[in-house]
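Notes to accompany the following structure.
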Amino acid sequence: MNYKRITLLSGHYGSGKTNIAVNMAARLAGMNLKKKTALADLDIVNPYFRSADSRSELEALGVYLICSEYANTNIDAPAMPQEMYSIVDDKEMTAVIDVGGDERGALALGRISDRIRQEADYDMYLVINRFRPLTPDAESILEVKKEIEDACRLPFTGIINCSNLGAETTAQVIRSSYGFADEVSRLCKLPLRALAVSETLAGQITDAPCEIFPMRLQKRPV
Amino acid sequence: MAEKVLMKGNEAIAEAAIIAGCRHYFGYPITPQTEIAAYMAKRMPKIGGTFLQAESELAAISMVYGASAAGKRVMTSSSSPGISLKSEGISYIAGSDLPAVIVNAQRGGPGLGGIQPSQSDYFQATRGGGHGDYHMIVLTPDSVQEMAELTVKAFDLADKYRMPVMILADGTIGQMMEPVSFDFEVKAAPQKPWATTGTQMKRSHNVVNSLYLKPDELERTNFERFEKYETIKKNEALYEEYMMDDAEIVVAAFGIAARVSKNAVVAARKEGIKVGLIRPVTVWPFPDEPFAKAAKTAKQFISVELSMGQMIEDVKLATGCKVPVTLCNRVGGMIPSPAEVLDAIRNAAKGGKN
């Protein structure tokens with residue numbers, strides 16, 4: 001994948017945004033050793049399972065983590081980190097933004113989206129997972145796409161297919177999502193930019209219709 | 001929905017409730033169970049159901065009371081502090097012999113506590129919670145799949161015995177995502193001739209009430225209700241036994257603690273320690289039988305809990321205090337790691353009592 005200065009990941013919650021964001025930031029940090037790479041966790045809705053869970057791994061790779069100072073604490077406050085402005089102010093920085101799920105999560109991005117649009121050096125990917133029950137078809141994804149774009153006032157530029165069934169994901173499960181991803185791409189009028197899969201399965205996918213984005217999955221408590 | 005889907009535990013509860021015929025949900029948001037309300041808000045209007053965010057927990061549980069009295073399958077959900085607020089209404093529902101399903105995705109306490117997972121509402125759930133002599137049937141899922149299956153079961157049990165049933169989950173199982181299948185049998189709700197659906201001038205009035213003006217009448221109602229509870233104790237206790245065949249050390253754990261403990265049991269077996277797990281699936285009624293049986297041969301029990309030691313009392317009662325029972329716990333939103341449970345098992349294998 002070619003990366004713009006800012007890469008944003010959004011989509012229905014639970015589609016896989018955070019795993020993609022963490023892996024993308026790690027990869028970018030390896031590519032731009034001289035420049036600062038930041039990962040911004042703008043998810044102000046979900047209390048568990050977020051980018052901040054990988055804080056130590058990311059910091060070891062030189063990724064600057066921007067997230068609410070209340071992430072993973074007992075404070076249920078939808079607070080935005082003040083450092084989020086550095087994403088638009090510091091043009092030397094390469095940034096990955098993990099936008100929250102759905103339109104409520106994307107609302108927070110609206111605070112800086114006009115600056116991102118003016119600079120015009122961004123990609124915003126719609127992350128999709130065929131196995132999420134509230135977004136099982138292209139029509140429902142189109143609805144989510146519109147809701148997110150209305151909330152954050154930034155148009156998507158591409159799609160990442162992250163279809164998975166958690167621990168029961170197989171190459172067959174992933175293959176069964178190709179038609180769905182094509183249909184989403186057609187209906188949303190957006191190019192399919194990547195197929196995000198766990199690195200343990202990436203080798204088994206030989207017929208991907210687009211570039212494969214291999215991921216090391218975040219650790220879970222059990 | 002024959003194919004599996006990927007869901008949060010909270011979403012699985014909501015979808016399963018809809019599959020079970022629940023068309024009325026009344027709630028008030030609280031982390032970490034808000035996905036249940038969010039899911040219901042999206043789905044209910046599309047299927048002719050009612051989603052209502054009440055002005056408070058007290059209002060929500062009273063709406064549950066009303067919808068249930070009218071014969072509808074109805075559910076509410078909350079997390080620990082919200083369940084405390086709902087406990088008054090739950091007592092009224094129990095005292096009126098009404099079916100209802102109540103979900104508690106527990107978080108750390110006491111007080112406002114925190115938003116991270118906990119199991120410290122065990123006493124509240126199994127001993128009644130509100131005022132007066134009553135019980136709820138309490139189901140404790142340990143996976144997203146069980147969140148779905150036990151929700152359907154909760155509606156069936158609530159209708160069968162005309163009483164409140166609680167799904168006692170925790171924040172982690174509510175938030176974690178796993179594949180889930182909804183390809184299971186669902187029974188239709190039974191007829192409810194007692195419901196307040198209007199007489200059509202064809203029958204006498206049905207009255208739903210928990211107030212008794214005569215003490216002897218209230219006493220008789222309580223005695224009858226407790227006869228029903230005895231039937232439930234006999235017929236409805238559920239549990240899972242894991243590697244129990246030759247177990248000398250028995251780990252007792254439910255929900256998220258059971259998942260952690262299973263990993264520890266497998267690791268301890270590899271070290272040659274004869275250890276097994278009893279996982280209560282209902283914690284009221286508590287599955288006494290497998291514990292009483294294991295107490296005849298086991299050397300020690302370890303109760304693994306996300307509380308200061310609440311289920312441990314039921315383990316002691318079920319084993320008749322014949323064998324030492326120790327506690328392995330984390331609280332306040334922390335989860336014991338498999339390594340911590342493994343250490344407790346090793347210690348027990350060496351004869352340590354702490």
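Numbering starts fresh at 1 for the residues of each chain in the structure tokens, the chains themselves are lettered A, B, ... in the order given, and ligands are numbered from 1 as they appear.
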
Report as JSON lines: every residue of chain B with an atom at most 8 Å from chain A, its closest pair of atoms, and their distance in Å to one decimal, counting only C-alpha atoms, with rows sorted by chain and ascending residue number.
```
{"residue": "B:Lys4", "atom": "CA", "partner": "A:Phe131", "partner_atom": "CA", "distance": 7.4}
{"residue": "B:Val5", "atom": "CA", "partner": "A:Phe131", "partner_atom": "CA", "distance": 4.7}
{"residue": "B:Leu6", "atom": "CA", "partner": "A:Arg132", "partner_atom": "CA", "distance": 5.3}
{"residue": "B:Met7", "atom": "CA", "partner": "A:Arg132", "partner_atom": "CA", "distance": 6.5}
{"residue": "B:Lys8", "atom": "CA", "partner": "A:Gly14", "partner_atom": "CA", "distance": 7.9}
{"residue": "B:Thr31", "atom": "CA", "partner": "A:Asp76", "partner_atom": "CA", "distance": 7.6}
{"residue": "B:Pro32", "atom": "CA", "partner": "A:Pro47", "partner_atom": "CA", "distance": 7.2}
{"residue": "B:Gly113", "atom": "CA", "partner": "A:Asn74", "partner_atom": "CA", "distance": 7.8}
{"residue": "B:Gly114", "atom": "CA", "partner": "A:Asn74", "partner_atom": "CA", "distance": 4.6}
{"residue": "B:Ile115", "atom": "CA", "partner": "A:Asn74", "partner_atom": "CA", "distance": 5.2}
{"residue": "B:Gln116", "atom": "CA", "partner": "A:Asn74", "partner_atom": "CA", "distance": 6.5}
{"residue": "B:Thr172", "atom": "CA", "partner": "A:Tyr48", "partner_atom": "CA", "distance": 7.8}
{"residue": "B:Gln175", "atom": "CA", "partner": "A:Tyr48", "partner_atom": "CA", "distance": 6.7}
{"residue": "B:Met176", "atom": "CA", "partner": "A:Phe49", "partner_atom": "CA", "distance": 7.9}
{"residue": "B:Met177", "atom": "CA", "partner": "A:Gly166", "partner_atom": "CA", "distance": 7.2}
{"residue": "B:Glu178", "atom": "CA", "partner": "A:Gly166", "partner_atom": "CA", "distance": 5.7}
{"residue": "B:Pro179", "atom": "CA", "partner": "A:Leu165", "partner_atom": "CA", "distance": 5.4}
{"residue": "B:Arg259", "atom": "CA", "partner": "A:Val222", "partner_atom": "CA", "distance": 6.8}
{"residue": "B:Val260", "atom": "CA", "partner": "A:Val222", "partner_atom": "CA", "distance": 6.1}
{"residue": "B:Ser337", "atom": "CA", "partner": "A:Pro221", "partner_atom": "CA", "distance": 7.8}
```

Dump N, CA, C and O atoms for the selected residues as a CSV table (one decimal), in the first residue's frame?
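The result, written out as part-v9.csv:
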```
chain,number,residue,atom,x,y,z
B,4,LYS,N,-22.5,-18.7,11.0
B,4,LYS,CA,-22.0,-18.0,12.2
B,4,LYS,C,-21.8,-16.5,11.9
B,4,LYS,O,-21.4,-16.1,10.8
B,5,VAL,N,-21.9,-15.7,13.0
B,5,VAL,CA,-21.6,-14.3,12.9
B,5,VAL,C,-20.6,-13.9,14.0
B,5,VAL,O,-20.4,-14.7,15.0
B,6,LEU,N,-20.0,-12.8,13.9
B,6,LEU,CA,-19.0,-12.3,14.9
B,6,LEU,C,-19.7,-11.3,15.7
B,6,LEU,O,-20.1,-10.2,15.2
B,7,MET,N,-19.8,-11.5,17.0
B,7,MET,CA,-20.6,-10.6,17.9
B,7,MET,C,-19.9,-10.4,19.2
B,7,MET,O,-19.2,-11.2,19.7
B,8,LYS,N,-20.2,-9.2,19.8
B,8,LYS,CA,-19.9,-8.9,21.2
B,8,LYS,C,-20.9,-9.7,22.0
B,8,LYS,O,-22.1,-9.9,21.6
B,31,THR,N,-22.1,1.7,31.3
B,31,THR,CA,-21.0,0.9,30.8
B,31,THR,C,-20.8,-0.3,31.8
B,31,THR,O,-20.9,0.0,33.0
B,32,PRO,N,-20.5,-1.5,31.5
B,32,PRO,CA,-20.2,-2.0,30.1
B,32,PRO,C,-21.2,-2.8,29.5
B,32,PRO,O,-20.9,-3.9,28.9
B,113,GLY,N,-17.7,2.4,41.9
B,113,GLY,CA,-16.7,1.4,41.5
B,113,GLY,C,-16.0,1.8,40.3
B,113,GLY,O,-15.4,2.9,40.2
B,114,GLY,N,-16.1,1.0,39.3
B,114,GLY,CA,-15.4,1.2,38.0
B,114,GLY,C,-16.1,0.5,36.9
B,114,GLY,O,-17.1,-0.1,37.1
B,115,ILE,N,-15.5,0.7,35.6
B,115,ILE,CA,-16.2,0.1,34.5
B,115,ILE,C,-15.6,-1.2,34.0
B,115,ILE,O,-16.0,-1.8,33.1
B,116,GLN,N,-14.6,-1.7,34.7
B,116,GLN,CA,-13.9,-2.9,34.3
B,116,GLN,C,-14.6,-4.1,35.0
B,116,GLN,O,-15.4,-3.9,35.9
B,172,THR,N,-16.3,-8.2,30.7
B,172,THR,CA,-15.4,-8.8,29.6
B,172,THR,C,-16.2,-9.6,28.7
B,172,THR,O,-16.1,-9.5,27.4
B,175,GLN,N,-18.2,-7.5,26.4
B,175,GLN,CA,-17.5,-6.7,25.4
B,175,GLN,C,-16.7,-7.6,24.4
B,175,GLN,O,-16.4,-7.1,23.3
B,176,MET,N,-16.3,-8.8,24.8
B,176,MET,CA,-15.5,-9.6,23.9
B,176,MET,C,-16.2,-10.1,22.7
B,176,MET,O,-17.4,-10.3,22.8
B,177,MET,N,-15.5,-10.2,21.6
B,177,MET,CA,-16.2,-10.7,20.3
B,177,MET,C,-15.8,-12.1,20.0
B,177,MET,O,-14.6,-12.5,20.1
B,178,GLU,N,-16.7,-13.0,19.7
B,178,GLU,CA,-16.5,-14.4,19.3
B,178,GLU,C,-17.5,-14.8,18.3
B,178,GLU,O,-18.6,-14.2,18.2
B,179,PRO,N,-17.2,-15.8,17.5
B,179,PRO,CA,-18.2,-16.3,16.6
B,179,PRO,C,-19.4,-16.9,17.3
B,179,PRO,O,-19.2,-17.5,18.4
B,259,ARG,N,-13.2,-19.4,32.4
B,259,ARG,CA,-12.3,-19.5,31.2
B,259,ARG,C,-10.9,-19.4,31.5
B,259,ARG,O,-10.0,-20.1,31.0
B,260,VAL,N,-10.5,-18.5,32.4
B,260,VAL,CA,-9.1,-18.4,32.9
B,260,VAL,C,-8.7,-19.7,33.5
B,260,VAL,O,-7.6,-20.2,33.3
B,337,SER,N,-4.9,-13.9,36.1
B,337,SER,CA,-4.3,-14.5,34.9
B,337,SER,C,-4.2,-16.0,35.1
B,337,SER,O,-4.3,-16.5,36.2
```

Nearby residues (only C-alpha atoms) at most 12 Å from region 183-193 of chain A, same-chain spacing under 2 positions excluded, as a PyMOL selection string: chain A and resi 1-3+123-130+135-146+149+155-162+177-181+195-196+208-213

Taking N, CA and C atoms for each residue, export the selection above as a short mmCIF file (atom, residue, chain, number, x, y, z; two decimals), in the first residue's frame.
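This is the output file part.cif:
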```
data_model
loop_
_atom_site.label_atom_id
_atom_site.label_comp_id
_atom_site.auth_asym_id
_atom_site.auth_seq_id
_atom_site.Cartn_x
_atom_site.Cartn_y
_atom_site.Cartn_z
N MET A 1 0.84 -1.20 0.00
CA MET A 1 0.00 0.00 0.00
C MET A 1 0.87 1.24 0.00
N ASN A 2 0.42 2.25 -0.72
CA ASN A 2 1.08 3.56 -0.64
C ASN A 2 0.35 4.36 0.42
N TYR A 3 1.15 5.00 1.28
CA TYR A 3 0.52 5.71 2.39
C TYR A 3 0.58 7.21 2.20
N ASP A 123 -5.86 9.29 3.34
CA ASP A 123 -6.75 8.23 2.90
C ASP A 123 -7.65 7.88 4.07
N MET A 124 -8.93 7.71 3.80
CA MET A 124 -9.80 7.22 4.87
C MET A 124 -10.45 5.93 4.38
N TYR A 125 -10.16 4.85 5.10
CA TYR A 125 -10.64 3.54 4.69
C TYR A 125 -11.86 3.11 5.48
N LEU A 126 -12.81 2.58 4.73
CA LEU A 126 -14.00 1.99 5.33
C LEU A 126 -13.67 0.51 5.58
N VAL A 127 -13.59 0.13 6.86
CA VAL A 127 -13.24 -1.25 7.21
C VAL A 127 -14.54 -2.07 7.29
N ILE A 128 -14.56 -3.18 6.57
CA ILE A 128 -15.80 -3.97 6.53
C ILE A 128 -15.56 -5.42 6.96
N ASN A 129 -16.56 -6.01 7.59
CA ASN A 129 -16.51 -7.42 8.00
C ASN A 129 -17.86 -8.04 7.72
N ARG A 130 -17.90 -8.93 6.77
CA ARG A 130 -19.16 -9.56 6.34
C ARG A 130 -19.86 -10.28 7.49
N THR A 135 -24.23 -5.48 9.78
CA THR A 135 -23.77 -5.03 8.46
C THR A 135 -23.47 -6.23 7.58
N PRO A 136 -24.48 -7.08 7.32
CA PRO A 136 -24.24 -8.32 6.57
C PRO A 136 -24.25 -8.12 5.06
N ASP A 137 -24.72 -6.96 4.57
CA ASP A 137 -24.81 -6.79 3.11
C ASP A 137 -24.35 -5.38 2.72
N ALA A 138 -24.19 -5.19 1.41
CA ALA A 138 -23.64 -3.93 0.90
C ALA A 138 -24.55 -2.74 1.24
N GLU A 139 -25.86 -2.96 1.24
CA GLU A 139 -26.79 -1.86 1.52
C GLU A 139 -26.58 -1.33 2.94
N SER A 140 -26.42 -2.25 3.90
CA SER A 140 -26.24 -1.81 5.30
C SER A 140 -24.90 -1.10 5.48
N ILE A 141 -23.88 -1.53 4.71
CA ILE A 141 -22.57 -0.86 4.79
C ILE A 141 -22.69 0.56 4.21
N LEU A 142 -23.46 0.68 3.13
CA LEU A 142 -23.64 2.00 2.52
C LEU A 142 -24.28 2.96 3.53
N GLU A 143 -25.23 2.43 4.31
CA GLU A 143 -25.89 3.24 5.34
C GLU A 143 -24.88 3.71 6.39
N VAL A 144 -24.03 2.78 6.86
CA VAL A 144 -23.00 3.12 7.85
C VAL A 144 -22.03 4.15 7.27
N LYS A 145 -21.65 3.95 6.00
CA LYS A 145 -20.73 4.88 5.32
C LYS A 145 -21.30 6.31 5.34
N LYS A 146 -22.57 6.41 4.99
CA LYS A 146 -23.21 7.74 4.96
C LYS A 146 -23.25 8.36 6.35
N GLU A 149 -19.73 9.52 7.33
CA GLU A 149 -19.31 10.71 6.56
C GLU A 149 -20.09 11.95 7.01
N PRO A 155 -14.90 12.55 3.36
CA PRO A 155 -15.29 11.41 2.52
C PRO A 155 -14.26 10.26 2.56
N PHE A 156 -14.77 9.04 2.51
CA PHE A 156 -13.90 7.87 2.43
C PHE A 156 -13.19 7.87 1.07
N THR A 157 -12.02 7.18 1.03
CA THR A 157 -11.29 7.07 -0.25
C THR A 157 -11.10 5.62 -0.68
N GLY A 158 -11.40 4.66 0.20
CA GLY A 158 -11.21 3.26 -0.19
C GLY A 158 -11.78 2.32 0.85
N ILE A 159 -11.70 1.03 0.52
CA ILE A 159 -12.27 0.00 1.40
C ILE A 159 -11.18 -1.00 1.80
N ILE A 160 -11.18 -1.42 3.06
CA ILE A 160 -10.35 -2.55 3.48
C ILE A 160 -11.29 -3.65 3.94
N ASN A 161 -11.18 -4.80 3.29
CA ASN A 161 -12.01 -5.94 3.67
C ASN A 161 -11.31 -6.69 4.81
N CYS A 162 -11.93 -6.68 5.98
CA CYS A 162 -11.34 -7.34 7.15
C CYS A 162 -12.31 -8.44 7.64
N SER A 177 -15.89 -13.96 1.50
CA SER A 177 -16.27 -12.54 1.61
C SER A 177 -15.93 -11.74 0.35
N TYR A 178 -15.29 -12.37 -0.64
CA TYR A 178 -14.84 -11.60 -1.82
C TYR A 178 -16.01 -10.96 -2.56
N GLY A 179 -17.08 -11.75 -2.75
CA GLY A 179 -18.25 -11.23 -3.48
C GLY A 179 -18.88 -10.06 -2.75
N PHE A 180 -18.95 -10.20 -1.42
CA PHE A 180 -19.51 -9.15 -0.56
C PHE A 180 -18.69 -7.86 -0.69
N ALA A 181 -17.35 -8.01 -0.65
CA ALA A 181 -16.47 -6.83 -0.74
C ALA A 181 -16.62 -6.15 -2.10
N LEU A 195 -6.98 -6.46 1.63
CA LEU A 195 -7.63 -7.54 2.34
C LEU A 195 -6.81 -7.76 3.61
N ALA A 196 -7.37 -7.40 4.75
CA ALA A 196 -6.63 -7.50 6.02
C ALA A 196 -6.87 -8.87 6.63
N ALA A 208 -6.22 -13.61 -3.61
CA ALA A 208 -6.79 -12.34 -3.14
C ALA A 208 -7.05 -11.40 -4.31
N PRO A 209 -8.21 -10.75 -4.31
CA PRO A 209 -8.53 -9.83 -5.41
C PRO A 209 -7.84 -8.48 -5.28
N CYS A 210 -7.08 -8.29 -4.20
CA CYS A 210 -6.37 -7.02 -3.99
C CYS A 210 -5.16 -7.32 -3.09
N GLU A 211 -4.44 -6.27 -2.73
CA GLU A 211 -3.27 -6.45 -1.88
C GLU A 211 -3.65 -7.05 -0.52
N ILE A 212 -2.80 -7.92 0.02
CA ILE A 212 -3.05 -8.48 1.36
C ILE A 212 -2.34 -7.63 2.40
N PHE A 213 -3.04 -7.31 3.48
CA PHE A 213 -2.44 -6.58 4.60
C PHE A 213 -2.37 -7.56 5.78
#
```

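Of note, CA of Gly174 (chain B) and CA of Asp43 (chain A) are spaced 18.0 Å apart.
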
Which residues come within 10 Å of Gln124 (chain B), counting only C-alpha atoms, excluding same-chain residues fewer than 2 positions away, as a list of chain:residue names? B:Ser80, B:Ile83, B:Ser84, B:Ser87, B:Ser120, B:Asp121, B:Tyr122, B:Thr126, B:Arg127, B:Gly128, B:Gly129, B:Gly130, B:Gln310

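The closest residue to Leu28 (chain A), picked from A:Ala194, A:Asp182, A:Ala151, A:Met93 and counting only C-alpha atoms, is A:Met93.
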